[in-house]
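Visitor: Questions regarding the structure given below will be posed in turn.
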Amino acid sequence: MPRNPLRNKPPGDRAIRFKCSLQNTILDVLRLRPGWQEVTGDAEWDFYWCDVWWMKETFDHAYLEEHMRLNHFRNHYELTRKNLMVKNLKRLRRQLEKESGKLEAQKCDFFPSTYELPSEYHIFVDEYRRNPGSIWIMKPIAKSQGKGIFLFKRLKDITDWKKGTEYQPASDPNKETPETYVVSRYIENPYLIGGRKFDIRIYCLITSYSPLKVWLYRNGFARFSNTRFSLESIDDNYVHLTNVAIQKTAPDYDAERGCKWSIQQLRKYLTARHGQEKTDQLFNKMNEVFILSLQSVQKTMINDKHCFELYGYDILIDDNLKPWLIEVNASPSLTASSKEDYTLKCGLLNDTLNVIDMENRLTGKEKRIGGFDLLFDDGPVYLDDALISDPINNYGTTMNAFLGCANNRRENLRHVYRTAQLVKKSSN
Ligand SMILES: Nc1ncnc2c1ncn2[C@@H]1O[C@H](COP(=O)(O)OP(=O)(O)OP(=O)(O)O)[C@@H](O)[C@H]1O
């Protein structure tokens, strides 16, 4: 019997040959990995950190040997394209409502009301009219780093924009149809720290969709806006968009400070202000967001044992301590914006490679590998008490939520994961 059922190790004792399409921390990590050797061009490889274009253009024609591993699933975009993510989440909500009732379906209300434009324009207009005075945010589905995003209040802003050059297919001879956008309810009551808005980046590593196996990274970060939050100036992206790509162009941006907090810092702050229980509830709800969103695409994803995916989740917290899913990134930025950021990303990537285990060192029974905790393995994972120690550093385990009430811990967790269990049962 092989020790690890995935049996990644290439035959013989030769080096693990890797290819890498990116020129940032991942390349540094791969180059420093003992026993790994870089190959380029058409050379044969065992491990390829590719870009999403390679998946689209080449994967379907490539023959992959048993031990080869790739960092994307073929149709990763089911979760990472803004319009498809919402379509899949809406479907999950409908399914839960039909099978388990409205109350369970409400557990899926962690994404703001969203419509695809132009295809759902009329449904959006009905919703817009039912919510007079609300603020909406428009985002092109195929762009990132805040490009093309704007906020609006009046329907007229949309009609004017539709007439404008960005939307009109005629402005680009290669475009036959208008660019697809999503329009979402803008979360007008974000949780503020020092008067500033922030969002949270958390990493989840999926090593299989069937069965679903999810690893959660304990070290994420909060990204702050450089400018105090206000709803007066909805045209000011520095106030409303917290992505680093936008914030780093602000005139008073401090590159070394980088407007970032570690998750541990954030957790300490929230615990001091709201107490352990409320903070734990927030982090448990986030775990539920990760699991339900992944379950929403589980059946649609083309599972392939050669593939894994490191998703970057963007979560916004509102002033009621409710987490909102903003988007999921298939290629979360691996470029470091500061020394701390470089350390975090190198740690994340090294631990990712440790979980993928090309070296075939694991038994397959591990629940914690480096900074990763196993969150879901065809069902919620309950870590052994020995792994539960420091509530601040153990954010990802969910167990920490119940320190101090050990007897209730499992019961509470079962409650948190009830919906995930229902989804699993109904998918079988
Ligand atoms: N519905 C919303 N309510 C409030 N703020 C939002 C909402 N959607 C997005 N934002 C803000 O806008 C920023 C950019 O949004 P989003 O991440 O969807 O765009 P993007 O261009 O794909 O960015 P990324 O660089 O993360 O790929 C978020 O970081 C968040 O601060």
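We label chains A, B, ... in the order they appear in the structure tokens, count residues from 1 in each chain, and number ligands from 1 in the order shown.
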Show me which residues are within 6 Å of ligand 1 counting only C-alpha atoms and all ligand atoms, and format the list as number ranges by chain.
Guide: A: 112, 143-147, 184-187, 199, 240-243, 326-327
Visitor: So that I have them on file, write out the residues from the current selection with all heavy atoms, as a tab-separated table (two decimals), in the first residue's frame.
Guide:
```tsv
chain	number	residue	atom	x	y	z
A	112	PRO	N	-23.99	39.80	-1.60
A	112	PRO	CA	-24.96	40.86	-1.85
A	112	PRO	C	-25.79	40.56	-3.10
A	112	PRO	O	-25.31	39.87	-4.00
A	112	PRO	CB	-24.09	42.11	-2.08
A	112	PRO	CG	-22.67	41.67	-2.05
A	112	PRO	CD	-22.59	40.23	-1.74
A	143	LYS	N	-12.38	41.60	-15.52
A	143	LYS	CA	-11.22	42.41	-15.11
A	143	LYS	C	-10.95	42.19	-13.63
A	143	LYS	O	-11.76	41.61	-12.92
A	143	LYS	CB	-11.50	43.89	-15.38
A	143	LYS	CG	-11.60	44.20	-16.86
A	143	LYS	CD	-11.39	45.68	-17.13
A	143	LYS	CE	-11.39	45.96	-18.62
A	143	LYS	NZ	-12.60	46.70	-19.03
A	144	SER	N	-9.79	42.66	-13.17
A	144	SER	CA	-9.48	42.54	-11.74
A	144	SER	C	-8.78	43.82	-11.30
A	144	SER	O	-8.68	44.78	-12.07
A	144	SER	CB	-8.59	41.32	-11.50
A	144	SER	OG	-7.39	41.49	-12.19
A	145	GLN	N	-8.29	43.83	-10.07
A	145	GLN	CA	-7.55	44.96	-9.50
A	145	GLN	C	-8.36	46.26	-9.52
A	145	GLN	O	-7.81	47.35	-9.67
A	145	GLN	CB	-6.23	45.15	-10.23
A	145	GLN	CG	-5.40	43.88	-10.25
A	145	GLN	CD	-3.98	44.12	-10.66
A	145	GLN	OE1	-3.73	44.93	-11.54
A	145	GLN	NE2	-3.06	43.42	-10.01
A	146	GLY	N	-9.66	46.11	-9.41
A	146	GLY	CA	-10.53	47.29	-9.32
A	146	GLY	C	-10.79	47.99	-10.65
A	146	GLY	O	-11.49	49.01	-10.70
A	147	LYS	N	-10.24	47.43	-11.75
A	147	LYS	CA	-10.38	48.11	-13.06
A	147	LYS	C	-11.84	48.11	-13.51
A	147	LYS	O	-12.51	47.08	-13.45
A	147	LYS	CB	-9.54	47.41	-14.12
A	147	LYS	CG	-8.08	47.64	-13.92
A	147	LYS	CD	-7.27	47.03	-15.07
A	147	LYS	CE	-5.82	46.88	-14.67
A	147	LYS	NZ	-5.39	45.53	-14.44
A	184	SER	N	-23.98	44.84	-8.12
A	184	SER	CA	-24.28	44.28	-6.79
A	184	SER	C	-24.70	45.40	-5.84
A	184	SER	O	-24.24	46.54	-5.98
A	184	SER	CB	-23.03	43.65	-6.16
A	184	SER	OG	-22.52	42.65	-6.96
A	185	ARG	N	-25.53	45.02	-4.86
A	185	ARG	CA	-25.85	45.97	-3.79
A	185	ARG	C	-24.54	46.33	-3.10
A	185	ARG	O	-23.76	45.44	-2.73
A	185	ARG	CB	-26.74	45.30	-2.74
A	185	ARG	CG	-28.22	45.48	-2.89
A	185	ARG	CD	-28.71	46.89	-2.76
A	185	ARG	NE	-28.95	47.29	-1.39
A	185	ARG	CZ	-30.05	47.01	-0.72
A	185	ARG	NH1	-31.02	46.33	-1.30
A	185	ARG	NH2	-30.21	47.44	0.50
A	186	TYR	N	-24.29	47.62	-2.94
A	186	TYR	CA	-23.09	48.06	-2.25
A	186	TYR	C	-23.31	47.91	-0.74
A	186	TYR	O	-24.37	48.32	-0.23
A	186	TYR	CB	-22.79	49.52	-2.62
A	186	TYR	CG	-21.48	49.99	-2.04
A	186	TYR	CD1	-20.28	49.51	-2.51
A	186	TYR	CD2	-21.46	50.92	-0.99
A	186	TYR	CE1	-19.08	49.92	-1.97
A	186	TYR	CE2	-20.26	51.34	-0.45
A	186	TYR	CZ	-19.07	50.84	-0.94
A	186	TYR	OH	-17.89	51.25	-0.40
A	187	ILE	N	-22.37	47.32	-0.04
A	187	ILE	CA	-22.51	47.17	1.41
A	187	ILE	C	-22.18	48.52	2.04
A	187	ILE	O	-21.01	48.95	2.06
A	187	ILE	CB	-21.62	46.03	1.92
A	187	ILE	CG1	-22.17	44.72	1.33
A	187	ILE	CG2	-21.62	45.94	3.45
A	187	ILE	CD1	-21.18	43.65	1.17
A	199	ASP	N	-11.14	44.94	3.70
A	199	ASP	CA	-11.66	43.60	3.43
A	199	ASP	C	-10.61	42.58	3.83
A	199	ASP	O	-9.47	42.95	4.14
A	199	ASP	CB	-12.15	43.44	1.97
A	199	ASP	CG	-11.02	43.38	0.97
A	199	ASP	OD1	-9.87	43.63	1.35
A	199	ASP	OD2	-11.29	43.05	-0.20
A	240	HIS	N	-13.67	53.54	-1.26
A	240	HIS	CA	-14.60	52.42	-1.34
A	240	HIS	C	-13.98	51.10	-1.79
A	240	HIS	O	-14.52	50.04	-1.51
A	240	HIS	CB	-15.76	52.78	-2.28
A	240	HIS	CG	-16.53	53.95	-1.78
A	240	HIS	ND1	-17.44	53.84	-0.76
A	240	HIS	CD2	-16.50	55.27	-2.12
A	240	HIS	CE1	-17.96	55.03	-0.49
A	240	HIS	NE2	-17.39	55.92	-1.30
A	241	LEU	N	-12.88	51.16	-2.53
A	241	LEU	CA	-12.27	49.91	-3.02
A	241	LEU	C	-11.00	49.63	-2.22
A	241	LEU	O	-10.09	50.45	-2.21
A	241	LEU	CB	-11.92	50.00	-4.51
A	241	LEU	CG	-13.00	50.52	-5.47
A	241	LEU	CD1	-12.55	50.32	-6.91
A	241	LEU	CD2	-14.33	49.83	-5.25
A	242	THR	N	-10.99	48.50	-1.54
A	242	THR	CA	-9.87	48.25	-0.63
A	242	THR	C	-8.75	47.43	-1.26
A	242	THR	O	-7.77	47.11	-0.57
A	242	THR	CB	-10.39	47.54	0.64
A	242	THR	OG1	-11.22	46.46	0.24
A	242	THR	CG2	-11.17	48.48	1.52
A	243	ASN	N	-8.87	47.07	-2.54
A	243	ASN	CA	-7.78	46.26	-3.11
A	243	ASN	C	-6.47	47.05	-3.12
A	243	ASN	O	-6.45	48.25	-3.38
A	243	ASN	CB	-7.99	45.75	-4.53
A	243	ASN	CG	-9.24	46.17	-5.20
A	243	ASN	OD1	-9.93	47.02	-4.71
A	243	ASN	ND2	-9.50	45.58	-6.33
A	326	ILE	N	-17.24	38.72	-1.24
A	326	ILE	CA	-17.12	39.68	-2.35
A	326	ILE	C	-16.67	38.95	-3.61
A	326	ILE	O	-17.28	39.09	-4.67
A	326	ILE	CB	-16.13	40.82	-2.00
A	326	ILE	CG1	-16.63	41.59	-0.78
A	326	ILE	CG2	-15.90	41.75	-3.18
A	326	ILE	CD1	-17.97	42.28	-0.96
A	327	GLU	N	-15.62	38.21	-3.52
A	327	GLU	CA	-15.23	37.40	-4.68
A	327	GLU	C	-14.19	36.36	-4.30
A	327	GLU	O	-13.60	36.40	-3.23
A	327	GLU	CB	-14.76	38.27	-5.85
A	327	GLU	CG	-13.37	38.74	-5.76
A	327	GLU	CD	-12.80	39.11	-7.13
A	327	GLU	OE1	-13.30	38.69	-8.19
A	327	GLU	OE2	-11.79	39.83	-7.12
```
Visitor: What's around Gln421 in chain A at 7 Å? Count only C-alpha atoms, leave out sequence neighbours fewer than 4 positions away in its own chain, and write the answer as a ChimeraX atom specification.
Guide: /A:379,417,425
Visitor: With only C-alpha atoms counted and 10 Å as the cut-off, give the residues of range 297-403 of chain A in contact with range 220-225 of chain A, each with its shortest interatomic distance in Å and the pair that gives it, as JSON lines.
Guide:
```
{"residue": "A:Gly312", "atom": "CA", "partner": "A:Gly220", "partner_atom": "CA", "distance": 9.3}
{"residue": "A:Tyr313", "atom": "CA", "partner": "A:Gly220", "partner_atom": "CA", "distance": 9.6}
{"residue": "A:Asp314", "atom": "CA", "partner": "A:Ala222", "partner_atom": "CA", "distance": 9.4}
{"residue": "A:Ile315", "atom": "CA", "partner": "A:Ala222", "partner_atom": "CA", "distance": 9.2}
{"residue": "A:Leu316", "atom": "CA", "partner": "A:Ala222", "partner_atom": "CA", "distance": 9.4}
{"residue": "A:Asp341", "atom": "CA", "partner": "A:Phe221", "partner_atom": "CA", "distance": 9.1}
{"residue": "A:Leu344", "atom": "CA", "partner": "A:Gly220", "partner_atom": "CA", "distance": 8.2}
{"residue": "A:Lys345", "atom": "CA", "partner": "A:Gly220", "partner_atom": "CA", "distance": 9.5}
{"residue": "A:Leu348", "atom": "CA", "partner": "A:Gly220", "partner_atom": "CA", "distance": 9.3}
{"residue": "A:Tyr395", "atom": "CA", "partner": "A:Gly220", "partner_atom": "CA", "distance": 9.8}
{"residue": "A:Gly396", "atom": "CA", "partner": "A:Gly220", "partner_atom": "CA", "distance": 9.7}
```
Visitor: In Å, rounded to a single decimal, give me how far CA of Asn219 in chain A is from CA of Ile263 in chain A.
Guide: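 We find that CA of Ile263 in chain A and CA of Asn219 in chain A lie 6.1 Å from each other.
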Visitor: Kindly indicate which residue among A:Asn284, A:Ser426, A:Gln298, A:Thr343 lies nearest to Glu99 in chain A, using only C-alpha atoms for the distances.
Guide: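 For Glu99 in chain A, the nearest of the candidates is A:Ser426.
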Visitor: Can you list, as number ranges by chain, every residue of range 135-234 of chain A that DSSP puts in strand (DSSP E)?
Guide: A: 136-140, 150-152, 181-185, 192-193, 196-209, 212-217, 221-224
Visitor: Using only C-alpha atoms, which residues sit within 8 Å of Phe111 in chain A once same-chain residues fewer than 5 positions away are excluded, as a PyMOL selection string?
Guide: chain A and resi 86+324-326
Visitor: Would you pick out the contacts of range 133-141 of chain A at 8 Å or less, using only C-alpha atoms, so that residues sharing its chain but fewer than 2 positions from it are not included, and give the list as an MDAnalysis selection string?
Guide: chainID A and resid 81:83 128 131 143 147:153 179:186 188
Visitor: Output N, CA, C and O atoms for every residue in that selection, as a PDB file, in the first residue's frame.
Guide:
```pdb
ATOM      1  N   ARG A  81     -15.267  33.505 -11.572  1.00  0.00           N
ATOM      2  CA  ARG A  81     -15.800  34.589 -12.408  1.00  0.00           C
ATOM      3  C   ARG A  81     -17.026  35.126 -11.676  1.00  0.00           C
ATOM      4  O   ARG A  81     -17.893  34.356 -11.259  1.00  0.00           O
ATOM      5  N   LYS A  82     -17.050  36.451 -11.534  1.00  0.00           N
ATOM      6  CA  LYS A  82     -18.049  37.063 -10.639  1.00  0.00           C
ATOM      7  C   LYS A  82     -19.480  36.635 -10.963  1.00  0.00           C
ATOM      8  O   LYS A  82     -20.262  36.339 -10.066  1.00  0.00           O
ATOM      9  N   ASN A  83     -19.831  36.602 -12.249  1.00  0.00           N
ATOM     10  CA  ASN A  83     -21.220  36.258 -12.616  1.00  0.00           C
ATOM     11  C   ASN A  83     -21.512  34.778 -12.352  1.00  0.00           C
ATOM     12  O   ASN A  83     -22.584  34.415 -11.868  1.00  0.00           O
ATOM     13  N   TYR A 128     -33.893  47.397  -8.210  1.00  0.00           N
ATOM     14  CA  TYR A 128     -33.446  48.780  -7.957  1.00  0.00           C
ATOM     15  C   TYR A 128     -34.632  49.624  -7.468  1.00  0.00           C
ATOM     16  O   TYR A 128     -34.532  50.379  -6.502  1.00  0.00           O
ATOM     17  N   ASN A 131     -35.734  49.209  -3.932  1.00  0.00           N
ATOM     18  CA  ASN A 131     -34.778  49.676  -2.912  1.00  0.00           C
ATOM     19  C   ASN A 131     -34.334  51.109  -3.189  1.00  0.00           C
ATOM     20  O   ASN A 131     -33.153  51.363  -3.469  1.00  0.00           O
ATOM     21  N   LYS A 143     -12.376  41.603 -15.525  1.00  0.00           N
ATOM     22  CA  LYS A 143     -11.222  42.410 -15.105  1.00  0.00           C
ATOM     23  C   LYS A 143     -10.952  42.187 -13.626  1.00  0.00           C
ATOM     24  O   LYS A 143     -11.764  41.613 -12.917  1.00  0.00           O
ATOM     25  N   LYS A 147     -10.240  47.428 -11.754  1.00  0.00           N
ATOM     26  CA  LYS A 147     -10.382  48.105 -13.059  1.00  0.00           C
ATOM     27  C   LYS A 147     -11.844  48.106 -13.507  1.00  0.00           C
ATOM     28  O   LYS A 147     -12.512  47.078 -13.447  1.00  0.00           O
ATOM     29  N   GLY A 148     -12.317  49.251 -13.958  1.00  0.00           N
ATOM     30  CA  GLY A 148     -13.665  49.364 -14.527  1.00  0.00           C
ATOM     31  C   GLY A 148     -14.777  49.401 -13.482  1.00  0.00           C
ATOM     32  O   GLY A 148     -15.949  49.429 -13.828  1.00  0.00           O
ATOM     33  N   ILE A 149     -14.423  49.409 -12.178  1.00  0.00           N
ATOM     34  CA  ILE A 149     -15.469  49.387 -11.134  1.00  0.00           C
ATOM     35  C   ILE A 149     -15.950  50.804 -10.837  1.00  0.00           C
ATOM     36  O   ILE A 149     -15.144  51.739 -10.772  1.00  0.00           O
ATOM     37  N   PHE A 150     -17.263  50.969 -10.672  1.00  0.00           N
ATOM     38  CA  PHE A 150     -17.764  52.267 -10.194  1.00  0.00           C
ATOM     39  C   PHE A 150     -19.038  52.075  -9.378  1.00  0.00           C
ATOM     40  O   PHE A 150     -19.737  51.073  -9.505  1.00  0.00           O
ATOM     41  N   LEU A 151     -19.299  53.065  -8.517  1.00  0.00           N
ATOM     42  CA  LEU A 151     -20.497  53.038  -7.671  1.00  0.00           C
ATOM     43  C   LEU A 151     -21.531  53.991  -8.261  1.00  0.00           C
ATOM     44  O   LEU A 151     -21.154  54.999  -8.887  1.00  0.00           O
ATOM     45  N   PHE A 152     -22.799  53.693  -8.061  1.00  0.00           N
ATOM     46  CA  PHE A 152     -23.824  54.645  -8.521  1.00  0.00           C
ATOM     47  C   PHE A 152     -25.076  54.537  -7.663  1.00  0.00           C
ATOM     48  O   PHE A 152     -25.286  53.524  -6.971  1.00  0.00           O
ATOM     49  N   LYS A 153     -25.876  55.603  -7.761  1.00  0.00           N
ATOM     50  CA  LYS A 153     -27.128  55.657  -7.002  1.00  0.00           C
ATOM     51  C   LYS A 153     -28.314  55.787  -7.937  1.00  0.00           C
ATOM     52  O   LYS A 153     -29.394  55.293  -7.662  1.00  0.00           O
ATOM     53  N   GLU A 179     -19.438  44.258 -23.127  1.00  0.00           N
ATOM     54  CA  GLU A 179     -18.736  43.583 -22.041  1.00  0.00           C
ATOM     55  C   GLU A 179     -19.734  43.216 -20.937  1.00  0.00           C
ATOM     56  O   GLU A 179     -20.627  44.000 -20.620  1.00  0.00           O
ATOM     57  N   THR A 180     -19.573  42.023 -20.369  1.00  0.00           N
ATOM     58  CA  THR A 180     -20.483  41.617 -19.288  1.00  0.00           C
ATOM     59  C   THR A 180     -20.028  42.238 -17.970  1.00  0.00           C
ATOM     60  O   THR A 180     -18.841  42.239 -17.644  1.00  0.00           O
ATOM     61  N   TYR A 181     -21.005  42.754 -17.239  1.00  0.00           N
ATOM     62  CA  TYR A 181     -20.764  43.330 -15.921  1.00  0.00           C
ATOM     63  C   TYR A 181     -21.632  42.609 -14.911  1.00  0.00           C
ATOM     64  O   TYR A 181     -22.621  41.967 -15.266  1.00  0.00           O
ATOM     65  N   VAL A 182     -21.285  42.731 -13.635  1.00  0.00           N
ATOM     66  CA  VAL A 182     -22.261  42.413 -12.599  1.00  0.00           C
ATOM     67  C   VAL A 182     -22.539  43.699 -11.841  1.00  0.00           C
ATOM     68  O   VAL A 182     -21.661  44.552 -11.698  1.00  0.00           O
ATOM     69  N   VAL A 183     -23.789  43.812 -11.407  1.00  0.00           N
ATOM     70  CA  VAL A 183     -24.129  44.939 -10.555  1.00  0.00           C
ATOM     71  C   VAL A 183     -24.571  44.355  -9.215  1.00  0.00           C
ATOM     72  O   VAL A 183     -25.385  43.433  -9.176  1.00  0.00           O
ATOM     73  N   SER A 184     -23.984  44.837  -8.122  1.00  0.00           N
ATOM     74  CA  SER A 184     -24.276  44.283  -6.787  1.00  0.00           C
ATOM     75  C   SER A 184     -24.698  45.402  -5.844  1.00  0.00           C
ATOM     76  O   SER A 184     -24.243  46.542  -5.982  1.00  0.00           O
ATOM     77  N   ARG A 185     -25.525  45.017  -4.858  1.00  0.00           N
ATOM     78  CA  ARG A 185     -25.845  45.966  -3.785  1.00  0.00           C
ATOM     79  C   ARG A 185     -24.545  46.328  -3.098  1.00  0.00           C
ATOM     80  O   ARG A 185     -23.760  45.443  -2.731  1.00  0.00           O
ATOM     81  N   TYR A 186     -24.294  47.622  -2.942  1.00  0.00           N
ATOM     82  CA  TYR A 186     -23.087  48.058  -2.247  1.00  0.00           C
ATOM     83  C   TYR A 186     -23.313  47.913  -0.740  1.00  0.00           C
ATOM     84  O   TYR A 186     -24.367  48.324  -0.232  1.00  0.00           O
ATOM     85  N   GLU A 188     -23.244  49.175   2.514  1.00  0.00           N
ATOM     86  CA  GLU A 188     -23.099  50.584   2.919  1.00  0.00           C
ATOM     87  C   GLU A 188     -22.657  50.735   4.368  1.00  0.00           C
ATOM     88  O   GLU A 188     -22.356  51.837   4.808  1.00  0.00           O
TER      89      GLU A 188
END
```
Visitor: What is the CA of Pro332 in chain A to CA of Asn75 in chain A distance in Å?
Guide: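 Spanning CA of Pro332 in chain A to CA of Asn75 in chain A is a straight-line distance of 16.3 Å.
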Visitor: Which residue, A:Leu270, A:Ala330, A:Ile200, A:Cys259, has the smallest gap to Met85 in chain A when you use only C-alpha atoms?
Guide: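 Between A:Leu270, A:Ala330, A:Ile200, A:Cys259, the residue approaching Met85 in chain A most closely is A:Ala330.
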Visitor: Can you tell me, as an NGL selection string, what residues are no more than 9 Å from Val297 in chain A when counting only C-alpha atoms, ignoring any on the same chain fewer than 3 positions away?
Guide: :A and (78-79 or 85 or 88-89 or 92 or 209 or 292-294 or 300-301)
Visitor: Taking C-alpha atoms for each residue, export the selection above as a tab-separated table (two decimals), in the first residue's frame.
Guide:
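Everything below was put into result_28.tsv:
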```tsv
chain	number	residue	atom	x	y	z
A	78	GLU	CA	-17.22	28.52	-12.05
A	79	LEU	CA	-16.31	30.04	-8.71
A	85	MET	CA	-20.05	32.51	-8.71
A	88	ASN	CA	-23.92	28.92	-8.60
A	89	LEU	CA	-24.68	30.42	-5.19
A	92	LEU	CA	-27.52	26.38	-4.11
A	209	TYR	CA	-13.69	18.35	-5.42
A	292	LEU	CA	-21.00	26.47	1.14
A	293	SER	CA	-19.45	28.39	-1.76
A	294	LEU	CA	-17.27	25.39	-2.60
A	300	THR	CA	-20.12	21.46	-11.69
A	301	MET	CA	-16.36	21.26	-11.26
```
Visitor: With distances taken over only C-alpha atoms, which of A:Glu340, A:Asp357, A:Glu38, A:Glu120 is nearest to His67 in chain A?
Guide: A:Asp357
Visitor: Choose the residue, out of A:Arg93, A:His72, A:Lys87, A:Lys162, that has the smallest atom-to-atom separation from Tyr121 in chain A; count only C-alpha atoms.
Guide: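 Checking each candidate against Tyr121 in chain A, we get A:Lys162 as the closest.
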Visitor: With the cut-off set at 12 Å and counting only C-alpha atoms, tabulate each residue of range 334-362 of chain A with an atom at most that distance from an atom of range 49-62 of chain A, showing the nearest atom pair and its distance in Å to one decimal, ordered by chain and increasing number, as JSON lines.
Guide:
```
{"residue": "A:Leu334", "atom": "CA", "partner": "A:Trp49", "partner_atom": "CA", "distance": 11.8}
{"residue": "A:Leu349", "atom": "CA", "partner": "A:Trp49", "partner_atom": "CA", "distance": 10.9}
{"residue": "A:Thr352", "atom": "CA", "partner": "A:Trp49", "partner_atom": "CA", "distance": 11.6}
{"residue": "A:Leu353", "atom": "CA", "partner": "A:Trp49", "partner_atom": "CA", "distance": 10.7}
```
Visitor: Counting only C-alpha atoms, figure out which residue out of A:Ser233, A:Thr335, A:Ser262, A:Gln247 gets nearest to Arg218 in chain A.
Guide: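 Counting only C-alpha atoms, the residue closest to Arg218 in chain A is A:Ser262.
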Visitor: How many Å lie between CA of Pro190 in chain A and CA of Asp319 in chain A, rounded to one decimal?
Guide: 5.5 Å
Visitor: Just list as a JSON list (two decimals) with N, CA, C and O atoms, in the first residue's frame whatever in range 21-72 of chain A DSSP marks as alpha helix (DSSP H).
Guide:
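Result went into selection.json, see below:
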```json
[["chain", "number", "residue", "atom", "x", "y", "z"],
["A", 25, "THR", "N", 6.78, 35.47, -5.94],
["A", 25, "THR", "CA", 7.17, 34.63, -4.80],
["A", 25, "THR", "C", 7.12, 33.13, -5.12],
["A", 25, "THR", "O", 7.96, 32.39, -4.63],
["A", 26, "ILE", "N", 6.18, 32.70, -5.93],
["A", 26, "ILE", "CA", 6.06, 31.26, -6.18],
["A", 26, "ILE", "C", 7.33, 30.74, -6.86],
["A", 26, "ILE", "O", 7.81, 29.65, -6.54],
["A", 27, "LEU", "N", 7.90, 31.55, -7.76],
["A", 27, "LEU", "CA", 9.12, 31.11, -8.44],
["A", 27, "LEU", "C", 10.27, 31.01, -7.42],
["A", 27, "LEU", "O", 11.04, 30.04, -7.43],
["A", 28, "ASP", "N", 10.36, 31.99, -6.53],
["A", 28, "ASP", "CA", 11.41, 31.95, -5.48],
["A", 28, "ASP", "C", 11.25, 30.69, -4.64],
["A", 28, "ASP", "O", 12.22, 29.99, -4.36],
["A", 29, "VAL", "N", 10.00, 30.40, -4.24],
["A", 29, "VAL", "CA", 9.75, 29.25, -3.37],
["A", 29, "VAL", "C", 10.10, 27.95, -4.08],
["A", 29, "VAL", "O", 10.76, 27.07, -3.53],
["A", 30, "LEU", "N", 9.70, 27.85, -5.34],
["A", 30, "LEU", "CA", 9.98, 26.61, -6.09],
["A", 30, "LEU", "C", 11.48, 26.42, -6.28],
["A", 30, "LEU", "O", 12.01, 25.31, -6.16],
["A", 31, "ARG", "N", 12.17, 27.53, -6.58],
["A", 31, "ARG", "CA", 13.62, 27.43, -6.83],
["A", 31, "ARG", "C", 14.39, 27.04, -5.57],
["A", 31, "ARG", "O", 15.45, 26.43, -5.66],
["A", 32, "LEU", "N", 13.84, 27.43, -4.40],
["A", 32, "LEU", "CA", 14.55, 27.12, -3.15],
["A", 32, "LEU", "C", 14.18, 25.76, -2.57],
["A", 32, "LEU", "O", 14.74, 25.33, -1.58],
["A", 52, "VAL", "N", -3.97, 30.79, -15.78],
["A", 52, "VAL", "CA", -5.29, 30.31, -16.19],
["A", 52, "VAL", "C", -5.41, 30.21, -17.72],
["A", 52, "VAL", "O", -6.19, 29.41, -18.23],
["A", 53, "TRP", "N", -4.60, 30.99, -18.43],
["A", 53, "TRP", "CA", -4.65, 30.91, -19.91],
["A", 53, "TRP", "C", -4.11, 29.56, -20.39],
["A", 53, "TRP", "O", -4.62, 29.00, -21.34],
["A", 54, "TRP", "N", -3.09, 29.08, -19.72],
["A", 54, "TRP", "CA", -2.55, 27.77, -20.10],
["A", 54, "TRP", "C", -3.63, 26.71, -19.94],
["A", 54, "TRP", "O", -3.81, 25.83, -20.79],
["A", 55, "MET", "N", -4.38, 26.80, -18.82],
["A", 55, "MET", "CA", -5.44, 25.81, -18.58],
["A", 55, "MET", "C", -6.44, 25.84, -19.73],
["A", 55, "MET", "O", -6.89, 24.81, -20.23],
["A", 56, "LYS", "N", -6.79, 27.05, -20.14],
["A", 56, "LYS", "CA", -7.81, 27.21, -21.17],
["A", 56, "LYS", "C", -7.31, 26.69, -22.52],
["A", 56, "LYS", "O", -8.00, 25.97, -23.23],
["A", 57, "GLU", "N", -6.07, 27.03, -22.84],
["A", 57, "GLU", "CA", -5.55, 26.73, -24.18],
["A", 57, "GLU", "C", -5.02, 25.30, -24.30],
["A", 57, "GLU", "O", -5.11, 24.70, -25.36],
["A", 58, "THR", "N", -4.41, 24.78, -23.23],
["A", 58, "THR", "CA", -3.61, 23.57, -23.39],
["A", 58, "THR", "C", -4.14, 22.35, -22.65],
["A", 58, "THR", "O", -3.95, 21.22, -23.10]]
```
Visitor: Which of these, A:Met286, A:Val423, A:Ile158, A:Val39, has the shortest distance to Arg201 in chain A once you count only C-alpha atoms?
Guide: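 Between A:Met286, A:Val423, A:Ile158, A:Val39, the residue approaching Arg201 in chain A most closely is A:Met286.
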